[in-house]
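J.: Quick one: structure below, then a few questions.
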Amino acid sequence: MKPEKQLSNQMTEPQVVVDHVVLLIHGIRTEADWQEMVVRKLEAPGIRAFPIKYGYFDAFKFLIPGFRNQPLVKVLKEIRLVRDRFPTAKLSIIAHSFGTYVVSQLLQENFDIRLHRTLFCGSVVKTNYPWEKVLRQVTEDQVVNECGKSDVWPVIGTWQH
């Protein structure tokens, strides 16, 4: 298992102009190796990308609501850390699988979160998610909520919340 890099440790660079920050949030049953590749592809002058890791999250933890809250606390802390570090930057999120659940819950519970763009891949967010309640936080035409039809985990995930 790779050691987790804390976002706070990744933001020790000197103050630079950052116009856009992209946060990457993984799903269950993964060490999220894809995040480092995406960081390399996204970073450019004025753009920073940061992986948020909350540790390996197995299917057992996913099925128990009490365990599901732990990643929410971690991700919310990291979002606020980024917002404090880059207060004028646009904030976007790319989330996969359970990460989509985490972000969708945080949006409903934390009205101070504002997202420029939101990309959900392998989404477990229900089709009847109340987007109308979070439209002040996201721009509806800047949200992609993609779910693979042959992926069993998003189907199971939608049953759990």
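Please note that chains go A, B, ... in the order of the structure tokens, that every chain numbers its residues from 1, and that ligands are numbered from 1 in the order shown.
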Tell me which protein, DNA and RNA residues are within 8 Å of Val125 (chain A), counting only C-alpha atoms, leaving out same-chain ones fewer than 5 positions away, and put them as a PyMOL selection string.
T.: chain A and resi 100-101+104+145+158
J.: Between CA of Thr139 (chain A) and CA of His116 (chain A), what is the spacing in Å?
T.: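 Atom-to-atom, CA of His116 (chain A) and CA of Thr139 (chain A) are spaced 6.9 Å apart.
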J.: Among the residues of region 82-160 of chain A, find those DSSP assigns to strand (DSSP E or B) from the backbone and print them as an MDAnalysis selection string.
T.: chainID A and resid 90:96 118:121 143:145
J.: Compare A:Lys53, A:Lys41, A:Arg68, A:Arg114 by their minimum atom-to-atom distance to Leu24 (chain A), counting only C-alpha atoms, and give me the closest one.
T.: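 Ranking A:Lys53, A:Lys41, A:Arg68, A:Arg114 by distance to Leu24 (chain A), first place goes to A:Lys53.
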J.: With only C-alpha atoms as the basis for distance, which of A:Pro87, A:Gly55, A:Pro130, A:Pro71 is at the shortest distance from Gly99 (chain A)?
T.: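 Under the stated criterion, the closest residue is A:Pro71.
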J.: Counting only C-alpha atoms, figure out which residue out of A:Val144, A:Val124, A:Ile52, A:Ile47 gets nearest to Ala32 (chain A).
T.: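 Ranking A:Val144, A:Val124, A:Ile52, A:Ile47 by distance to Ala32 (chain A), first place goes to A:Ile52.
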J.: Which is closer to Arg85 (chain A) than all the others in A:Glu109, A:Arg48, A:Ser123, A:Gln137, using only C-alpha atoms?
T.: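 Of A:Glu109, A:Arg48, A:Ser123, A:Gln137, the one nearest Arg85 (chain A), counting only C-alpha atoms, is A:Arg48.
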J.: Mind checking which residues fall within 12 Å of Gln35 (chain A), counting only C-alpha atoms, ignoring those fewer than 4 positions away in the same chain, and posting them as number ranges by chain?
T.: A: 5, 22-27, 30-31, 39-42, 49-53, 93-96
J.: Name all residues at most 10 Å from Phe111 (chain A) (count only C-alpha atoms; drop same-chain ones fewer than 2 positions away) and give them as a list in words.
T.: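 That gives Leu106, Leu107, Gln108, Glu109, Ile113, Arg114, Lys133, Val134, Arg136 and Gln137 of chain A.
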J.: Calculated over only C-alpha atoms, which of the candidates A:Val16, A:Tyr54, A:Val143, A:Leu115 has the smallest distance to Lys77 (chain A)?
T.: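 That would be A:Tyr54, the residue with the smallest distance to Lys77 (chain A).
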J.: Quick one, how far is CA of Val18 (chain A) from CA of Pro45 (chain A)?
T.: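 Computing it gives 7.7 Å between the two atoms.
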J.: Determine the nearest neighbour of Tyr129 (chain A) from the options A:Ala44, A:Val75, A:Gln105, A:Leu81, counting only C-alpha atoms.
T.: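 Of all the options, A:Gln105 lies closest to Tyr129 (chain A).
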J.: What does the structure give for the distance between CA of Val21 (chain A) and CA of Leu91 (chain A), in Å to one decimal?
T.: 5.0 Å
